[in-house]
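Data file: run.pdb. Format and content: PDB, C-alpha atoms and all ligand atoms.
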ATOM      1  CA  MET A   2     -20.073  10.559 -25.545
ATOM      2  CA  GLU A   3     -20.682  12.846 -22.499
ATOM      3  CA  GLU A   4     -24.438  12.541 -23.051
ATOM      4  CA  LYS A   5     -24.163   8.758 -23.046
ATOM      5  CA  LEU A   6     -22.184   8.875 -19.809
ATOM      6  CA  ASP A   7     -25.004  10.888 -18.180
ATOM      7  CA  LYS A   8     -27.295   7.952 -18.850
ATOM      8  CA  VAL A   9     -24.675   5.628 -17.390
ATOM      9  CA  ARG A  10     -24.384   7.769 -14.248
ATOM     10  CA  PHE A  11     -28.124   7.479 -13.772
ATOM     11  CA  LEU A  12     -27.832   3.666 -13.826
ATOM     12  CA  VAL A  13     -25.199   3.396 -11.066
ATOM     13  CA  ARG A  14     -27.088   2.267  -7.964
ATOM     14  CA  ASP A  15     -26.261   3.452  -4.433
ATOM     15  CA  VAL A  16     -26.490   0.649  -1.878
ATOM     16  CA  ARG A  17     -26.348   2.065   1.628
ATOM     17  CA  ASP A  18     -24.502   0.300   4.452
ATOM     18  CA  TYR A  19     -22.899  -2.314   2.188
ATOM     19  CA  PRO A  20     -20.609  -4.131   2.873
ATOM     20  CA  LYS A  21     -20.719  -2.418   6.254
ATOM     21  CA  LYS A  22     -22.488   0.433   8.019
ATOM     22  CA  GLY A  23     -21.620   3.908   6.763
ATOM     23  CA  ILE A  24     -20.410   2.817   3.309
ATOM     24  CA  VAL A  25     -22.429   3.809   0.228
ATOM     25  CA  PHE A  26     -21.579   1.079  -2.261
ATOM     26  CA  LYS A  27     -21.679   2.043  -5.936
ATOM     27  CA  ASP A  28     -23.335  -0.932  -7.598
ATOM     28  CA  ILE A  29     -22.432  -1.075 -11.298
ATOM     29  CA  THR A  30     -24.453  -4.206 -12.151
ATOM     30  CA  PRO A  31     -27.346  -2.150 -13.671
ATOM     31  CA  VAL A  32     -24.760  -0.580 -16.022
ATOM     32  CA  LEU A  33     -23.271  -3.949 -16.980
ATOM     33  CA  LYS A  34     -26.631  -5.447 -17.889
ATOM     34  CA  ASP A  35     -27.518  -2.543 -20.199
ATOM     35  CA  PRO A  36     -25.646  -3.238 -23.462
ATOM     36  CA  GLU A  37     -25.613   0.419 -24.559
ATOM     37  CA  ALA A  38     -24.412   1.675 -21.174
ATOM     38  CA  PHE A  39     -21.697  -0.982 -20.811
ATOM     39  CA  SER A  40     -20.543  -0.236 -24.323
ATOM     40  CA  SER A  41     -20.415   3.529 -23.559
ATOM     41  CA  VAL A  42     -18.117   2.855 -20.602
ATOM     42  CA  ILE A  43     -15.684   0.769 -22.664
ATOM     43  CA  GLU A  44     -15.829   3.120 -25.675
ATOM     44  CA  SER A  45     -15.173   6.182 -23.464
ATOM     45  CA  MET A  46     -12.211   4.551 -21.786
ATOM     46  CA  ALA A  47     -10.787   3.435 -25.129
ATOM     47  CA  ALA A  48     -11.163   7.006 -26.471
ATOM     48  CA  LYS A  49      -9.328   8.447 -23.455
ATOM     49  CA  LEU A  50      -6.474   5.960 -23.914
ATOM     50  CA  SER A  51      -6.302   6.167 -27.697
ATOM     51  CA  GLU A  52      -3.193   8.413 -27.790
ATOM     52  CA  MET A  53      -1.352   6.544 -25.070
ATOM     53  CA  GLU A  54       1.415   4.055 -25.714
ATOM     54  CA  PHE A  55       1.157   0.905 -23.626
ATOM     55  CA  GLU A  56       1.267  -2.877 -24.004
ATOM     56  CA  TYR A  57      -0.812  -4.246 -21.130
ATOM     57  CA  ILE A  58      -3.946  -3.668 -19.131
ATOM     58  CA  ALA A  59      -3.684  -4.831 -15.527
ATOM     59  CA  SER A  60      -6.997  -5.131 -13.677
ATOM     60  CA  ILE A  61      -7.989  -5.727 -10.119
ATOM     61  CA  GLU A  62     -10.239  -8.609  -9.081
ATOM     62  CA  ALA A  63     -13.184  -8.811  -9.356
ATOM     63  CA  ARG A  64     -15.158  -5.919 -10.857
ATOM     64  CA  GLY A  65     -12.007  -4.538 -12.434
ATOM     65  CA  PHE A  66     -11.773  -7.735 -14.511
ATOM     66  CA  ILE A  67     -15.146  -7.091 -16.120
ATOM     67  CA  ILE A  68     -14.131  -3.684 -17.400
ATOM     68  CA  GLY A  69     -10.422  -4.360 -17.905
ATOM     69  CA  SER A  70     -10.825  -7.475 -20.019
ATOM     70  CA  ALA A  71     -13.419  -5.842 -22.286
ATOM     71  CA  LEU A  72     -11.099  -2.850 -22.697
ATOM     72  CA  ALA A  73      -8.038  -5.034 -23.391
ATOM     73  CA  TYR A  74      -9.981  -6.905 -26.067
ATOM     74  CA  LYS A  75     -11.279  -3.678 -27.607
ATOM     75  CA  MET A  76      -7.809  -2.075 -27.687
ATOM     76  CA  GLY A  77      -5.826  -5.159 -28.687
ATOM     77  CA  LYS A  78      -3.734  -5.195 -25.497
ATOM     78  CA  GLY A  79      -2.572  -8.021 -23.242
ATOM     79  CA  PHE A  80      -4.516  -8.561 -20.018
ATOM     80  CA  ILE A  81      -2.823  -9.058 -16.631
ATOM     81  CA  PRO A  82      -4.944 -10.148 -13.661
ATOM     82  CA  LEU A  83      -4.196  -8.739 -10.194
ATOM     83  CA  ARG A  84      -5.874 -11.153  -7.824
ATOM     84  CA  LYS A  85      -6.698 -11.586  -4.171
ATOM     85  CA  LYS A  86      -4.183 -13.499  -2.101
ATOM     86  CA  GLY A  87      -3.815 -17.193  -2.919
ATOM     87  CA  LYS A  88      -5.714 -17.183  -6.239
ATOM     88  CA  LEU A  89      -2.878 -17.090  -8.775
ATOM     89  CA  PRO A  90      -1.260 -20.467  -9.504
ATOM     90  CA  TYR A  91       2.355 -19.518 -10.376
ATOM     91  CA  ASN A  92       5.097 -17.528  -8.545
ATOM     92  CA  THR A  93       3.634 -14.287  -7.254
ATOM     93  CA  ILE A  94       4.606 -10.913  -5.825
ATOM     94  CA  SER A  95       2.241  -9.433  -3.262
ATOM     95  CA  ARG A  96       1.191  -6.147  -1.585
ATOM     96  CA  GLU A  97      -1.007  -5.538   1.437
ATOM     97  CA  TYR A  98      -3.206  -2.442   1.507
ATOM     98  CA  ALA A  99      -6.044  -0.747   3.385
ATOM     99  CA  LEU A 100      -9.523  -0.556   1.815
ATOM    100  CA  GLU A 101     -12.296   1.965   2.470
ATOM    101  CA  TYR A 102     -13.856  -0.946   4.370
ATOM    102  CA  GLY A 103     -11.070  -3.221   5.643
ATOM    103  CA  ASN A 104      -7.665  -4.680   4.727
ATOM    104  CA  ALA A 105      -6.661  -6.890   1.830
ATOM    105  CA  ALA A 106      -3.734  -8.107  -0.266
ATOM    106  CA  ILE A 107      -3.350  -8.379  -4.025
ATOM    107  CA  GLU A 108      -0.938 -10.488  -6.012
ATOM    108  CA  MET A 109       0.466 -10.562  -9.518
ATOM    109  CA  HIS A 110       2.456 -13.252 -11.289
ATOM    110  CA  ALA A 111       6.121 -12.340 -10.885
ATOM    111  CA  ASP A 112       6.719 -12.737 -14.632
ATOM    112  CA  ALA A 113       3.495 -11.017 -15.793
ATOM    113  CA  VAL A 114       5.144  -7.809 -17.016
ATOM    114  CA  SER A 115       8.106  -7.819 -19.375
ATOM    115  CA  LYS A 116      10.834  -5.386 -18.254
ATOM    116  CA  GLY A 117      10.227  -1.794 -19.302
ATOM    117  CA  SER A 118       6.774  -2.430 -20.744
ATOM    118  CA  ARG A 119       4.021   0.081 -20.163
ATOM    119  CA  VAL A 120       0.926  -0.879 -18.224
ATOM    120  CA  VAL A 121      -2.467   0.794 -17.772
ATOM    121  CA  THR A 122      -4.241  -0.276 -14.590
ATOM    122  CA  VAL A 123      -8.044  -0.481 -14.705
ATOM    123  CA  ASP A 124     -10.572  -0.721 -11.900
ATOM    124  CA  ASP A 125     -14.273  -0.044 -11.522
ATOM    125  CA  LEU A 126     -13.827   2.530  -8.784
ATOM    126  CA  LEU A 127     -11.209   4.746  -7.105
ATOM    127  CA  ALA A 128     -12.016   5.252  -3.413
ATOM    128  CA  THR A 129      -9.125   5.841  -0.969
ATOM    129  CA  GLY A 130      -6.517   4.739  -3.520
ATOM    130  CA  GLY A 131      -5.015   1.951  -1.386
ATOM    131  CA  THR A 132      -5.813  -0.797  -3.888
ATOM    132  CA  SER A 133      -4.467   1.217  -6.801
ATOM    133  CA  LYS A 134      -1.296   2.177  -4.982
ATOM    134  CA  ALA A 135      -0.659  -1.526  -4.300
ATOM    135  CA  ALA A 136      -1.295  -2.239  -8.001
ATOM    136  CA  THR A 137       1.225   0.401  -9.146
ATOM    137  CA  GLU A 138       3.810  -0.998  -6.729
ATOM    138  CA  LEU A 139       3.334  -4.505  -8.101
ATOM    139  CA  VAL A 140       3.766  -3.292 -11.685
ATOM    140  CA  ALA A 141       6.944  -1.408 -10.718
ATOM    141  CA  GLU A 142       8.366  -4.343  -8.749
ATOM    142  CA  ALA A 143       7.849  -6.611 -11.762
ATOM    143  CA  GLY A 144       9.844  -4.153 -13.909
ATOM    144  CA  GLY A 145       6.959  -2.410 -15.698
ATOM    145  CA  GLU A 146       6.051   1.275 -15.983
ATOM    146  CA  VAL A 147       2.594   2.575 -15.102
ATOM    147  CA  ALA A 148       1.328   4.522 -18.140
ATOM    148  CA  CYS A 149      -1.841   5.615 -16.332
ATOM    149  CA  LEU A 150      -4.648   4.485 -14.033
ATOM    150  CA  ILE A 151      -8.207   4.544 -15.357
ATOM    151  CA  TYR A 152     -11.516   4.099 -13.514
ATOM    152  CA  PHE A 153     -15.183   4.005 -14.339
ATOM    153  CA  ILE A 154     -16.033   5.846 -11.085
ATOM    154  CA  GLU A 155     -14.032   8.134  -8.792
ATOM    155  CA  LEU A 156     -15.184   9.053  -5.273
ATOM    156  CA  GLU A 157     -13.398  12.414  -5.238
ATOM    157  CA  PHE A 158     -14.185  13.183  -1.620
ATOM    158  CA  LEU A 159     -11.942  10.269  -0.550
ATOM    159  CA  LYS A 160      -8.937  11.916  -2.289
ATOM    160  CA  GLY A 161      -7.548   8.654  -3.684
ATOM    161  CA  ARG A 162      -5.618  10.562  -6.372
ATOM    162  CA  GLU A 163      -3.392  12.095  -3.729
ATOM    163  CA  LYS A 164      -2.105   8.643  -2.830
ATOM    164  CA  LEU A 165      -1.113   7.925  -6.415
ATOM    165  CA  GLY A 166       1.760  10.412  -6.601
ATOM    166  CA  GLY A 167       2.673  11.670 -10.033
ATOM    167  CA  ASN A 168       0.774   8.976 -11.937
ATOM    168  CA  LYS A 169      -1.771  10.042 -14.540
ATOM    169  CA  VAL A 170      -5.284   9.284 -13.267
ATOM    170  CA  ILE A 171      -8.419   9.221 -15.475
ATOM    171  CA  SER A 172     -12.015   8.595 -14.380
ATOM    172  CA  LEU A 173     -15.278   8.714 -16.334
ATOM    173  CA  ILE A 174     -17.761   9.579 -13.596
ATOM    174  CA  LYS A 175     -17.014  11.521 -10.412
ATOM    175  CA  TYR A 176     -18.986  11.795  -7.175
TER     176      TYR A 176
HETATM  177  P1  LIG B 201      -9.700   1.908  -2.520
HETATM  178  O1  LIG B 201      -8.521   1.011  -2.352
HETATM  179  O2  LIG B 201     -10.174   2.495  -1.230
HETATM  180  O3  LIG B 201      -9.485   2.943  -3.595
HETATM  181  O4  LIG B 201     -10.923   0.987  -2.971
HETATM  182  C1  LIG B 201     -11.092   0.629  -4.293
HETATM  183  C2  LIG B 201     -11.573  -0.772  -4.435
HETATM  184  O5  LIG B 201     -12.607  -1.115  -3.517
HETATM  185  C3  LIG B 201     -12.163  -0.969  -5.807
HETATM  186  O6  LIG B 201     -11.708  -2.217  -6.307
HETATM  187  C4  LIG B 201     -13.653  -0.936  -5.609
HETATM  188  O7  LIG B 201     -14.260  -1.952  -6.340
HETATM  189  C5  LIG B 201     -13.869  -1.156  -4.132
HETATM  190  N1  LIG B 201     -14.672  -0.103  -3.496
HETATM  191  C6  LIG B 201     -14.251   0.734  -2.510
HETATM  192  N2  LIG B 201     -15.225   1.554  -2.121
HETATM  193  C7  LIG B 201     -16.296   1.259  -2.874
HETATM  194  C8  LIG B 201     -17.632   1.799  -2.965
HETATM  195  N3  LIG B 201     -18.040   2.796  -2.188
HETATM  196  N4  LIG B 201     -18.450   1.255  -3.896
HETATM  197  C9  LIG B 201     -18.034   0.253  -4.693
HETATM  198  N5  LIG B 201     -16.813  -0.292  -4.647
HETATM  199  C10 LIG B 201     -15.945   0.197  -3.760
END
Would you mind giving the structure from this file in structure tokens?
Ligand code: AMP
Amino acid sequence: MEEKLDKVRFLVRDVRDYPKKGIVFKDITPVLKDPEAFSSVIESMAAKLSEMEFEYIASIEARGFIIGSALAYKMGKGFIPLRKKGKLPYNTISREYALEYGNAAIEMHADAVSKGSRVVTVDDLLATGGTSKAATELVAEAGGEVACLIYFIELEFLKGREKLGGNKVISLIKY
């Protein structure tokens, strides 16, 4: 599996100064369009979560949905979307947070998580951790428990993990 992930790493494309000057954006679209590489990402995540007990995967719009929904399907778990402000149709709970390149808010349906159920959050990338911290707060507010947070990519130099307290954090590829 590690060998396959080396190939995947090679496919992640650096886009300089996107979406603003000074940011090196990790573009995962070359990975997604390669069936073997995309499959390696989902298979690796599923292997890392295989011993964990949880009921739901909660993913963050938009790239998180691509990975999170494939993983939920593969593992036979329910999928919970965490969306940008104003996108979910029913009653929502909301958190504002700071991004590596700006501010944003995410929302979750207030009734998305049944009380006491365990949730794995999934995103494409961990940068400063602001988005993920907001996600864990939403899960907790709704009555759920965060089982762990899993990412395709982690930008270690931004120390996002430190913001996530005692939560278990897993990533496949680190920069
Ligand atoms: P953060 O809240 O700083 O951890 O940012 C994580 C979120 O922003 C994820 O949903 C990523 O998709 C996106 N993101 C932040 N920085 C980058 C980057 N350098 N390349 C690609 N996506 C990024």
The PyMOL selection byres (((not hetatm)) within 7 of (chain B and resi 201)) - which residues does that actually catch in the file I just gave you? List them as a ChimeraX atom specification. /A:24-28,61,64-65,99-101,124-133,161
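Applied to this file, the PyMOL selection byres (((chain A and resi 115) around 12) and not hetatm) selects the residues Phe55, Glu56, Tyr57, Gly79, Ile81, His110, Ala111, Asp112, Ala113, Val114, Lys116, Gly117, Ser118, Arg119, Val120, Val140, Ala141, Glu142, Ala143, Gly144, Gly145 and Glu146 of chain A.
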Which of these, A:Ala71, A:Ile154, A:Val123, A:Ala135, has the shortest distance to A:Ala105 once you count only C-alpha atoms? A:Ala135
Any idea what's packed within 8 Å of A:Ala47, counting only C-alpha atoms, ignoring anything in its chain fewer than 6 positions away? Could you give it as a count of residues only? 3
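Across the model, the gap from atom CA of A:Tyr176 to atom CA of A:Tyr19 is 17.4 Å.
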Let me know the residues the PyMOL selection byres (((chain A and resi 5-15) around 9) and not hetatm) catches in the file above, as a PyMOL selection string. chain A and resi 2-4+16-17+25-32+35+37-39+41-42+45+173-174
Please provide the set of residues having any atom within 9 Å of A:Val170, restricted to all atoms listed in the file, with same-chain residues fewer than 2 positions apart removed, written as an mmCIF file with C-alpha atoms, in the coordinates of the input.
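In the end it all went to out_0.cif:
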data_model
loop_
_atom_site.group_PDB
_atom_site.id
_atom_site.type_symbol
_atom_site.label_atom_id
_atom_site.label_comp_id
_atom_site.auth_asym_id
_atom_site.auth_seq_id
_atom_site.Cartn_x
_atom_site.Cartn_y
_atom_site.Cartn_z
ATOM 1 C CA CYS A 149 -1.841 5.615 -16.332
ATOM 2 C CA LEU A 150 -4.648 4.485 -14.033
ATOM 3 C CA ILE A 151 -8.207 4.544 -15.357
ATOM 4 C CA TYR A 152 -11.516 4.099 -13.514
ATOM 5 C CA ARG A 162 -5.618 10.562 -6.372
ATOM 6 C CA LEU A 165 -1.113 7.925 -6.415
ATOM 7 C CA GLY A 167 2.673 11.670 -10.033
ATOM 8 C CA ASN A 168 0.774 8.976 -11.937
ATOM 9 C CA SER A 172 -12.015 8.595 -14.380
#
